[in-house]
Each structure stands twice: as structure tokens, then as C-alpha cells.
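Shown next: upload.txt, given as compact mmCIF, C-alpha atoms.
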```txt
# COMPACT_ATOMS: atom_id res chain seq x y z
CA ASP A 1 9.27 -10.54 -29.00
CA ILE A 2 6.65 -10.92 -26.29
CA ASP A 3 5.06 -7.53 -25.74
CA ARG A 4 5.22 -5.93 -22.30
CA ALA A 5 1.49 -6.27 -21.67
CA HIS A 6 1.49 -10.01 -22.36
CA PHE A 7 4.68 -10.42 -20.35
CA ALA A 8 3.09 -8.71 -17.34
CA PHE A 9 -0.07 -10.79 -17.72
CA ALA A 10 1.81 -14.11 -18.07
CA PHE A 11 4.19 -13.21 -15.28
CA ASP A 12 1.42 -12.26 -12.84
CA ARG A 13 -0.31 -15.60 -13.48
CA ILE A 14 2.92 -17.50 -12.92
CA PHE A 15 3.50 -15.56 -9.70
CA ASP A 16 -0.03 -16.49 -8.60
CA ARG A 17 0.66 -20.17 -9.29
CA GLU A 18 4.15 -20.20 -7.77
CA LYS A 19 3.38 -18.09 -4.71
CA GLU A 20 6.00 -16.08 -2.91
CA GLY A 21 6.74 -18.80 -0.43
CA SER A 22 7.78 -18.12 3.12
CA PRO A 23 10.92 -18.65 5.15
CA PRO A 24 12.82 -20.94 5.00
CA TRP A 25 11.76 -20.91 1.29
CA HIS A 26 11.97 -24.67 0.98
CA ALA A 27 9.13 -27.15 0.61
CA PRO A 28 9.96 -30.65 1.84
CA GLY A 29 10.93 -32.83 -1.10
CA ASP A 30 11.35 -29.92 -3.54
CA LEU A 31 14.35 -30.85 -5.65
CA GLY A 32 14.85 -27.21 -6.65
CA GLY A 33 15.85 -26.31 -3.12
CA ARG A 34 14.85 -22.95 -1.75
CA THR A 35 12.36 -21.30 -4.08
CA ARG A 36 10.70 -17.91 -4.19
CA TRP A 37 8.10 -17.08 -6.87
CA GLY A 38 9.31 -20.07 -8.86
CA VAL A 39 12.95 -18.95 -8.91
CA SER A 40 14.82 -21.83 -7.33
CA GLU A 41 18.23 -21.64 -5.77
CA ARG A 42 19.29 -24.74 -7.69
CA ALA A 43 18.42 -23.31 -11.13
CA HIS A 44 19.33 -19.68 -10.31
CA PRO A 45 22.07 -19.57 -7.66
CA ASP A 46 23.05 -16.08 -8.81
CA ALA A 47 19.58 -14.78 -7.88
CA TRP A 48 20.04 -16.18 -4.36
CA VAL A 49 23.56 -14.84 -3.68
CA HIS A 50 22.25 -12.23 -1.22
CA GLY A 51 19.42 -14.36 0.16
CA PRO A 52 15.87 -14.78 -1.11
CA PRO A 53 15.46 -12.83 -4.37
CA SER A 54 13.24 -9.77 -4.46
CA ASP A 55 10.20 -9.39 -6.66
CA GLU A 56 12.32 -7.34 -9.09
CA VAL A 57 15.06 -9.96 -9.29
CA CYS A 58 12.47 -12.70 -9.94
CA ARG A 59 10.85 -10.62 -12.67
CA ALA A 60 14.25 -10.14 -14.30
CA VAL A 61 14.89 -13.90 -14.22
CA TYR A 62 11.56 -14.55 -15.95
CA ARG A 63 12.03 -11.74 -18.46
CA ASN A 64 15.56 -12.85 -19.39
CA ARG A 65 15.38 -16.64 -19.16
CA TYR A 66 11.83 -17.90 -19.45
CA LEU A 67 10.10 -15.60 -21.90
CA PRO A 68 12.48 -15.08 -24.87
CA PRO A 69 12.62 -18.73 -25.99
CA PHE A 70 8.82 -18.76 -26.33
CA ALA A 71 8.43 -15.40 -28.10
CA PRO A 72 8.03 -16.99 -31.57
CA LEU A 73 4.80 -18.64 -30.36
CA ARG A 74 3.16 -15.18 -30.38
CA ALA A 75 2.91 -15.61 -34.17
CA LEU A 76 0.35 -18.38 -33.56
CA ALA A 77 -2.02 -16.05 -31.68
CA ASN A 78 -2.65 -18.89 -29.22
CA ASP A 79 -2.13 -17.31 -25.81
CA ARG A 80 -3.27 -20.43 -23.95
CA LEU A 81 -0.51 -22.50 -25.62
CA LEU A 82 2.03 -19.73 -25.06
CA ASP A 83 1.16 -19.52 -21.37
CA ALA A 84 1.17 -23.32 -20.98
CA ALA A 85 4.60 -23.57 -22.61
CA ILE A 86 6.06 -20.74 -20.51
CA ASP A 87 4.63 -22.30 -17.35
CA ASP A 88 6.09 -25.68 -18.31
CA GLY A 89 9.40 -23.95 -19.02
CA VAL A 90 9.40 -22.49 -15.51
CA LEU A 91 9.00 -25.96 -14.01
CA ARG A 92 11.23 -27.94 -16.33
CA GLY A 93 13.33 -25.43 -18.26
CA PRO A 94 12.58 -23.73 -21.58
CA VAL A 95 14.47 -26.20 -23.76
CA ALA A 96 12.65 -29.20 -22.29
CA ALA A 97 9.26 -27.47 -22.66
CA ILE A 98 9.98 -26.57 -26.29
CA LYS A 99 11.18 -30.10 -27.04
CA ARG A 100 7.92 -31.42 -25.59
CA LEU A 101 5.95 -29.11 -27.90
CA GLN A 102 8.04 -30.23 -30.86
CA TRP A 103 7.52 -33.88 -29.97
CA VAL A 104 3.75 -33.30 -29.85
CA LEU A 105 3.98 -31.66 -33.28
CA GLY A 106 6.10 -34.45 -34.77
CA VAL A 107 9.00 -32.06 -35.37
CA VAL A 108 12.59 -33.08 -34.63
CA PRO A 109 13.04 -31.77 -31.08
CA ASP A 110 15.92 -29.32 -30.93
CA GLY A 111 14.58 -27.05 -28.20
CA VAL A 112 14.31 -23.97 -30.43
CA ILE A 113 11.05 -22.61 -31.85
CA GLY A 114 11.87 -21.97 -35.48
CA PRO A 115 10.10 -22.02 -38.83
CA GLN A 116 9.51 -25.81 -38.87
CA THR A 117 7.94 -25.78 -35.41
CA LEU A 118 5.71 -22.82 -36.27
CA HIS A 119 4.69 -24.37 -39.60
CA ALA A 120 3.75 -27.65 -37.91
CA ALA A 121 1.81 -25.76 -35.22
CA ARG A 122 -0.20 -23.87 -37.83
CA LEU A 123 -1.40 -27.19 -39.26
CA VAL A 124 -3.11 -28.17 -36.00
CA ARG A 125 -6.29 -26.56 -34.67
CA PRO A 126 -5.13 -24.27 -31.78
CA GLY A 127 -7.36 -25.80 -29.09
CA HIS A 128 -6.36 -29.31 -30.14
CA LEU A 129 -2.64 -28.46 -30.05
CA THR A 130 -2.94 -26.96 -26.58
CA GLN A 131 -4.87 -30.01 -25.41
CA GLN A 132 -2.25 -32.40 -26.82
CA TYR A 133 0.51 -30.38 -25.16
CA VAL A 134 -1.22 -30.38 -21.77
CA VAL A 135 -1.90 -34.13 -21.96
CA GLU A 136 1.75 -34.85 -22.79
CA ARG A 137 2.89 -32.59 -19.95
CA THR A 138 0.58 -34.43 -17.55
CA LEU A 139 1.90 -37.81 -18.67
CA ARG A 140 5.47 -36.59 -18.18
CA LEU A 141 4.58 -35.57 -14.62
CA ALA A 142 3.29 -39.08 -13.96
CA ARG A 143 6.57 -40.48 -15.35
CA VAL A 144 8.53 -38.26 -12.94
CA VAL A 145 6.71 -39.91 -10.04
CA GLU A 146 7.21 -43.39 -11.55
CA ARG A 147 10.96 -42.76 -11.59
CA ASN A 148 11.05 -41.06 -8.20
CA PRO A 149 8.14 -42.05 -5.94
CA ALA A 150 9.22 -39.46 -3.34
CA GLN A 151 7.90 -36.81 -5.76
CA ALA A 152 4.35 -38.18 -5.39
CA ILE A 153 3.70 -35.53 -2.74
CA HIS A 154 3.79 -32.93 -5.53
CA VAL A 155 1.94 -34.73 -8.32
CA VAL A 156 -1.59 -33.59 -7.53
CA GLY A 157 -0.54 -29.95 -7.53
CA TRP A 158 1.56 -30.37 -10.69
CA ILE A 159 -1.27 -32.06 -12.58
CA ARG A 160 -3.88 -29.59 -11.34
CA ARG A 161 -1.60 -26.80 -12.54
CA ALA A 162 -1.07 -28.40 -15.95
CA LEU A 163 -4.78 -28.95 -16.43
CA THR A 164 -5.54 -25.25 -15.91
CA PHE A 165 -4.26 -24.72 -19.46
CA LEU A 166 -6.75 -27.06 -21.11
CA PRO A 167 -8.97 -25.19 -23.54
CA PRO A 168 -12.66 -25.00 -22.62
CA ALA A 169 -14.78 -27.90 -23.83
CA GLN A 170 -16.60 -27.13 -27.07
```
Please go through the file and, once you have read it, give me the structure as C-alpha cells.
Amino acid sequence: DIDRAHFAFAFDRIFDREKEGSPPWHAPGDLGGRTRWGVSERAHPDAWVHGPPSDEVCRAVYRNRYLPPFAPLRALANDRLLDAAIDDGVLRGPVAAIKRLQWVLGVVPDGVIGPQTLHAARLVRPGHLTQQYVVERTLRLARVVERNPAQAIHVVGWIRRALTFLPPAQ
């Protein structure tokens, strides 16, 4: 389980990156539709039933959907990787983010962090694993734009965001 203190810390950083947004809550070209604090109408229509979701509703979405799948990563004591994976999960979905991590580790990607994923992660130096994950995430973002050039308007922000998780140079 992700402890409350780490949840609050991770959540506040995601809120900082996502921003509250402003009416009409839709950025041109955003495939998620209306979005507030990273909670899109497309992915979370229930949160938008009564209009833009409140801070509390958004926190509940994160707490219930985006954090639990990544809780096993706490065993690695690699907060930078944990935060990078959660952030990727917010943008792409938890299963896709976990499969990306598993692909980087050479584990059969099933979208669930279990004993095999954790064992493989323990065999890689933490900073190196985080770096590999961030690089793969960045390459995936470039592939998104290759497939859909209209998304190019977002790529600089996406890549800048992904790169914030790189470990410091040693």
C-alpha cells in the first residue's frame, strides 16, 4: 500500500504538472476531452456527471484508480521510478504504464506488478532502471506523434514532463 504521506506528495506533484485548467476545461487537440487536474471526461465520465470535478473528486480518482496498481513498487524504495510510473499511468492508464515497465525489465507484460516484475527490477541499479523507463516513455510519445501528427502540439510538453523523472547525472 502507498502510505498517505507519499500519496499526498505524489498527488500534489501530479496536480502541479496537470494544472487545474480553466473553463471550458478543454485544450485544443486534447483527445481526453475536458480535463481538470488530469481527470479527463473521456476516461472518467462519472467524475464529470455534475460538471467539472472538484479537488476532492479528483483526489478520489487518483487514490482509487492511479495509485493502487503501483503500490508494489514501494518495495523497491525507488520513489523516482514510482512517481514516473504513476505519472505515466495518469497519462496513458496504469496497465499501459506497468506494461511499459515490464517491457523495459524484459518481463512478460501483463500489466500487474507482481513478484516477477519486482525481482527483475531488483536486478537493475535503481537510477538505471528509472532512466530506461523514462527513455522508453519518451520514445513512445514520439511514436504517438508519428501515428497522429495532430498530437505534435503536445509533444514538447509531454517530453519535458517525462524528462523531469530522469535521475540526476552521476
TODO: Grab the atom CA of Gly127 of chain A to atom CA of Phe165 of chain A distance for me, in Å with one decimal place.
DONE: 10.2 Å
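Atom CA of His128 of chain A to atom CA of Ile86 of chain A spans 17.9 Å [interatomic distance, one decimal].
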TODO: Report the distance between atom CA of Pro149 of chain A and atom CA of Arg36 of chain A in Å, rounded to one decimal place.
DONE: 24.3 Å
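The residue that comes closest to Gln132 of chain A, out of A:Gly89, A:Pro167, A:Pro109, A:Gly157 and on the basis of only C-alpha atoms, is A:Pro167.
Among the candidate residues A:Thr35, A:Gln116, A:Ser40, A:Gln131, the one lying nearest to Ala85 of chain A is A:Gln131, with distances computed using all atoms listed in the file.
When all atoms listed in the file are used to measure the gap to Val57 of chain A, the shortest distance among A:Ala10, A:Leu118, A:Leu73, A:Val39 belongs to A:Val39.
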Extract segment 2-135 of chain A from the coordinates I pasted, and write it as a PDB file, in the first residue's frame (atoms kept: C-alpha atoms).
```pdb
ATOM      1  CA  ILE A   2       1.230   3.515  -0.733  1.00  0.00           C
ATOM      2  CA  ASP A   3       1.347   5.401   2.549  1.00  0.00           C
ATOM      3  CA  ARG A   4      -0.706   8.570   2.958  1.00  0.00           C
ATOM      4  CA  ALA A   5       2.331  10.846   3.100  1.00  0.00           C
ATOM      5  CA  HIS A   6       3.730   9.540  -0.185  1.00  0.00           C
ATOM      6  CA  PHE A   7       0.278   9.635  -1.748  1.00  0.00           C
ATOM      7  CA  ALA A   8      -0.131  13.304  -0.803  1.00  0.00           C
ATOM      8  CA  PHE A   9       3.370  14.104  -2.076  1.00  0.00           C
ATOM      9  CA  ALA A  10       2.885  12.263  -5.399  1.00  0.00           C
ATOM     10  CA  PHE A  11      -0.589  13.668  -5.844  1.00  0.00           C
ATOM     11  CA  ASP A  12       0.480  17.268  -5.220  1.00  0.00           C
ATOM     12  CA  ARG A  13       3.235  16.925  -7.838  1.00  0.00           C
ATOM     13  CA  ILE A  14       0.796  15.474 -10.358  1.00  0.00           C
ATOM     14  CA  PHE A  15      -1.623  18.317  -9.637  1.00  0.00           C
ATOM     15  CA  ASP A  16       1.220  20.783 -10.225  1.00  0.00           C
ATOM     16  CA  ARG A  17       2.016  19.160 -13.579  1.00  0.00           C
ATOM     17  CA  GLU A  18      -1.603  18.759 -14.683  1.00  0.00           C
ATOM     18  CA  LYS A  19      -2.858  22.153 -13.519  1.00  0.00           C
ATOM     19  CA  GLU A  20      -6.460  22.803 -12.653  1.00  0.00           C
ATOM     20  CA  GLY A  21      -7.315  24.047 -16.098  1.00  0.00           C
ATOM     21  CA  SER A  22      -9.901  26.707 -16.745  1.00  0.00           C
ATOM     22  CA  PRO A  23     -13.286  26.819 -18.410  1.00  0.00           C
ATOM     23  CA  PRO A  24     -14.168  25.329 -20.842  1.00  0.00           C
ATOM     24  CA  TRP A  25     -11.710  22.682 -19.480  1.00  0.00           C
ATOM     25  CA  HIS A  26     -10.635  21.597 -22.939  1.00  0.00           C
ATOM     26  CA  ALA A  27      -7.309  22.178 -24.645  1.00  0.00           C
ATOM     27  CA  PRO A  28      -7.489  22.160 -28.438  1.00  0.00           C
ATOM     28  CA  GLY A  29      -6.435  18.758 -29.741  1.00  0.00           C
ATOM     29  CA  ASP A  30      -6.643  17.032 -26.343  1.00  0.00           C
ATOM     30  CA  LEU A  31      -8.057  13.600 -27.087  1.00  0.00           C
ATOM     31  CA  GLY A  32      -9.159  13.203 -23.464  1.00  0.00           C
ATOM     32  CA  GLY A  33     -11.756  15.909 -23.885  1.00  0.00           C
ATOM     33  CA  ARG A  34     -12.485  18.200 -20.987  1.00  0.00           C
ATOM     34  CA  THR A  35      -9.861  17.731 -18.292  1.00  0.00           C
ATOM     35  CA  ARG A  36      -9.405  19.093 -14.797  1.00  0.00           C
ATOM     36  CA  TRP A  37      -6.307  18.218 -12.745  1.00  0.00           C
ATOM     37  CA  GLY A  38      -5.614  15.357 -15.133  1.00  0.00           C
ATOM     38  CA  VAL A  39      -9.049  13.775 -14.712  1.00  0.00           C
ATOM     39  CA  SER A  40     -10.452  13.661 -18.218  1.00  0.00           C
ATOM     40  CA  GLU A  41     -14.090  13.386 -19.117  1.00  0.00           C
ATOM     41  CA  ARG A  42     -13.265  10.636 -21.607  1.00  0.00           C
ATOM     42  CA  ALA A  43     -11.512   8.395 -19.055  1.00  0.00           C
ATOM     43  CA  HIS A  44     -13.713   9.353 -16.072  1.00  0.00           C
ATOM     44  CA  PRO A  45     -17.203  10.307 -17.274  1.00  0.00           C
ATOM     45  CA  ASP A  46     -18.614   9.519 -13.822  1.00  0.00           C
ATOM     46  CA  ALA A  47     -16.416  12.245 -12.288  1.00  0.00           C
ATOM     47  CA  TRP A  48     -17.861  14.761 -14.766  1.00  0.00           C
ATOM     48  CA  VAL A  49     -21.564  13.898 -14.336  1.00  0.00           C
ATOM     49  CA  HIS A  50     -22.253  17.126 -12.428  1.00  0.00           C
ATOM     50  CA  GLY A  51     -19.772  19.268 -14.348  1.00  0.00           C
ATOM     51  CA  PRO A  52     -16.065  19.819 -13.733  1.00  0.00           C
ATOM     52  CA  PRO A  53     -14.935  17.606 -10.823  1.00  0.00           C
ATOM     53  CA  SER A  54     -13.908  19.190  -7.549  1.00  0.00           C
ATOM     54  CA  ASP A  55     -10.489  18.849  -5.981  1.00  0.00           C
ATOM     55  CA  GLU A  56     -11.904  16.142  -3.682  1.00  0.00           C
ATOM     56  CA  VAL A  57     -13.384  14.151  -6.559  1.00  0.00           C
ATOM     57  CA  CYS A  58     -10.077  14.321  -8.461  1.00  0.00           C
ATOM     58  CA  ARG A  59      -8.162  13.167  -5.388  1.00  0.00           C
ATOM     59  CA  ALA A  60     -10.544  10.225  -5.034  1.00  0.00           C
ATOM     60  CA  VAL A  61      -9.994   9.264  -8.688  1.00  0.00           C
ATOM     61  CA  TYR A  62      -6.220   9.271  -8.174  1.00  0.00           C
ATOM     62  CA  ARG A  63      -6.422   7.439  -4.854  1.00  0.00           C
ATOM     63  CA  ASN A  64      -8.724   4.727  -6.230  1.00  0.00           C
ATOM     64  CA  ARG A  65      -7.535   4.281  -9.808  1.00  0.00           C
ATOM     65  CA  TYR A  66      -3.995   5.513 -10.276  1.00  0.00           C
ATOM     66  CA  LEU A  67      -2.165   4.702  -7.068  1.00  0.00           C
ATOM     67  CA  PRO A  68      -3.122   1.115  -6.075  1.00  0.00           C
ATOM     68  CA  PRO A  69      -1.678  -0.619  -9.171  1.00  0.00           C
ATOM     69  CA  PHE A  70       1.729   0.934  -8.423  1.00  0.00           C
ATOM     70  CA  ALA A  71       1.794   0.247  -4.670  1.00  0.00           C
ATOM     71  CA  PRO A  72       4.075  -2.829  -5.015  1.00  0.00           C
ATOM     72  CA  LEU A  73       6.825  -0.547  -6.363  1.00  0.00           C
ATOM     73  CA  ARG A  74       7.210   0.889  -2.838  1.00  0.00           C
ATOM     74  CA  ALA A  75       9.135  -2.307  -2.030  1.00  0.00           C
ATOM     75  CA  LEU A  76      11.903  -1.076  -4.353  1.00  0.00           C
ATOM     76  CA  ALA A  77      12.447   2.123  -2.342  1.00  0.00           C
ATOM     77  CA  ASN A  78      12.814   3.980  -5.643  1.00  0.00           C
ATOM     78  CA  ASP A  79      10.469   6.945  -5.315  1.00  0.00           C
ATOM     79  CA  ARG A  80      11.600   8.488  -8.603  1.00  0.00           C
ATOM     80  CA  LEU A  81      10.551   5.335 -10.510  1.00  0.00           C
ATOM     81  CA  LEU A  82       7.313   5.112  -8.533  1.00  0.00           C
ATOM     82  CA  ASP A  83       6.451   8.722  -9.329  1.00  0.00           C
ATOM     83  CA  ALA A  84       7.417   8.328 -13.004  1.00  0.00           C
ATOM     84  CA  ALA A  85       5.225   5.227 -13.334  1.00  0.00           C
ATOM     85  CA  ILE A  86       2.250   6.856 -11.588  1.00  0.00           C
ATOM     86  CA  ASP A  87       2.619   9.942 -13.776  1.00  0.00           C
ATOM     87  CA  ASP A  88       2.783   7.770 -16.897  1.00  0.00           C
ATOM     88  CA  GLY A  89      -0.275   5.898 -15.638  1.00  0.00           C
ATOM     89  CA  VAL A  90      -2.185   9.173 -15.359  1.00  0.00           C
ATOM     90  CA  LEU A  91      -1.428   9.985 -18.995  1.00  0.00           C
ATOM     91  CA  ARG A  92      -1.780   6.539 -20.522  1.00  0.00           C
ATOM     92  CA  GLY A  93      -3.523   4.358 -17.945  1.00  0.00           C
ATOM     93  CA  PRO A  94      -2.000   2.220 -15.196  1.00  0.00           C
ATOM     94  CA  VAL A  95      -1.965  -1.036 -17.162  1.00  0.00           C
ATOM     95  CA  ALA A  96      -0.124   0.534 -20.102  1.00  0.00           C
ATOM     96  CA  ALA A  97       2.421   2.181 -17.781  1.00  0.00           C
ATOM     97  CA  ILE A  98       3.058  -1.095 -15.944  1.00  0.00           C
ATOM     98  CA  LYS A  99       3.395  -2.997 -19.226  1.00  0.00           C
ATOM     99  CA  ARG A 100       5.974  -0.431 -20.329  1.00  0.00           C
ATOM    100  CA  LEU A 101       7.938  -1.005 -17.115  1.00  0.00           C
ATOM    101  CA  GLN A 102       7.724  -4.762 -17.611  1.00  0.00           C
ATOM    102  CA  TRP A 103       8.892  -4.444 -21.210  1.00  0.00           C
ATOM    103  CA  VAL A 104      11.898  -2.407 -20.041  1.00  0.00           C
ATOM    104  CA  LEU A 105      12.650  -5.136 -17.487  1.00  0.00           C
ATOM    105  CA  GLY A 106      12.287  -7.969 -20.013  1.00  0.00           C
ATOM    106  CA  VAL A 107       9.335  -9.426 -18.105  1.00  0.00           C
ATOM    107  CA  VAL A 108       6.255 -10.724 -19.909  1.00  0.00           C
ATOM    108  CA  PRO A 109       3.993  -7.661 -19.865  1.00  0.00           C
ATOM    109  CA  ASP A 110       0.724  -8.459 -18.123  1.00  0.00           C
ATOM    110  CA  GLY A 111       0.049  -5.037 -16.606  1.00  0.00           C
ATOM    111  CA  VAL A 112       0.295  -6.226 -12.990  1.00  0.00           C
ATOM    112  CA  ILE A 113       3.276  -5.605 -10.716  1.00  0.00           C
ATOM    113  CA  GLY A 114       3.898  -8.977  -9.137  1.00  0.00           C
ATOM    114  CA  PRO A 115       6.837 -10.994  -7.835  1.00  0.00           C
ATOM    115  CA  GLN A 116       8.490 -11.463 -11.265  1.00  0.00           C
ATOM    116  CA  THR A 117       8.387  -7.746 -12.033  1.00  0.00           C
ATOM    117  CA  LEU A 118       9.772  -6.831  -8.605  1.00  0.00           C
ATOM    118  CA  HIS A 119      12.504  -9.483  -8.849  1.00  0.00           C
ATOM    119  CA  ALA A 120      13.586  -8.212 -12.274  1.00  0.00           C
ATOM    120  CA  ALA A 121      13.552  -4.612 -11.003  1.00  0.00           C
ATOM    121  CA  ARG A 122      15.804  -5.506  -8.072  1.00  0.00           C
ATOM    122  CA  LEU A 123      18.425  -6.787 -10.525  1.00  0.00           C
ATOM    123  CA  VAL A 124      18.821  -3.357 -12.144  1.00  0.00           C
ATOM    124  CA  ARG A 125      20.505  -0.378 -10.492  1.00  0.00           C
ATOM    125  CA  PRO A 126      17.618   1.965  -9.446  1.00  0.00           C
ATOM    126  CA  GLY A 127      18.861   5.047 -11.323  1.00  0.00           C
ATOM    127  CA  HIS A 128      19.494   2.995 -14.457  1.00  0.00           C
ATOM    128  CA  LEU A 129      16.012   1.441 -14.335  1.00  0.00           C
ATOM    129  CA  THR A 130      14.368   4.834 -13.959  1.00  0.00           C
ATOM    130  CA  GLN A 131      16.449   6.187 -16.830  1.00  0.00           C
ATOM    131  CA  GLN A 132      15.500   3.255 -19.090  1.00  0.00           C
ATOM    132  CA  TYR A 133      11.837   3.720 -18.200  1.00  0.00           C
ATOM    133  CA  VAL A 134      11.902   7.455 -18.942  1.00  0.00           C
ATOM    134  CA  VAL A 135      13.686   6.901 -22.262  1.00  0.00           C
TER     135      VAL A 135
END
```
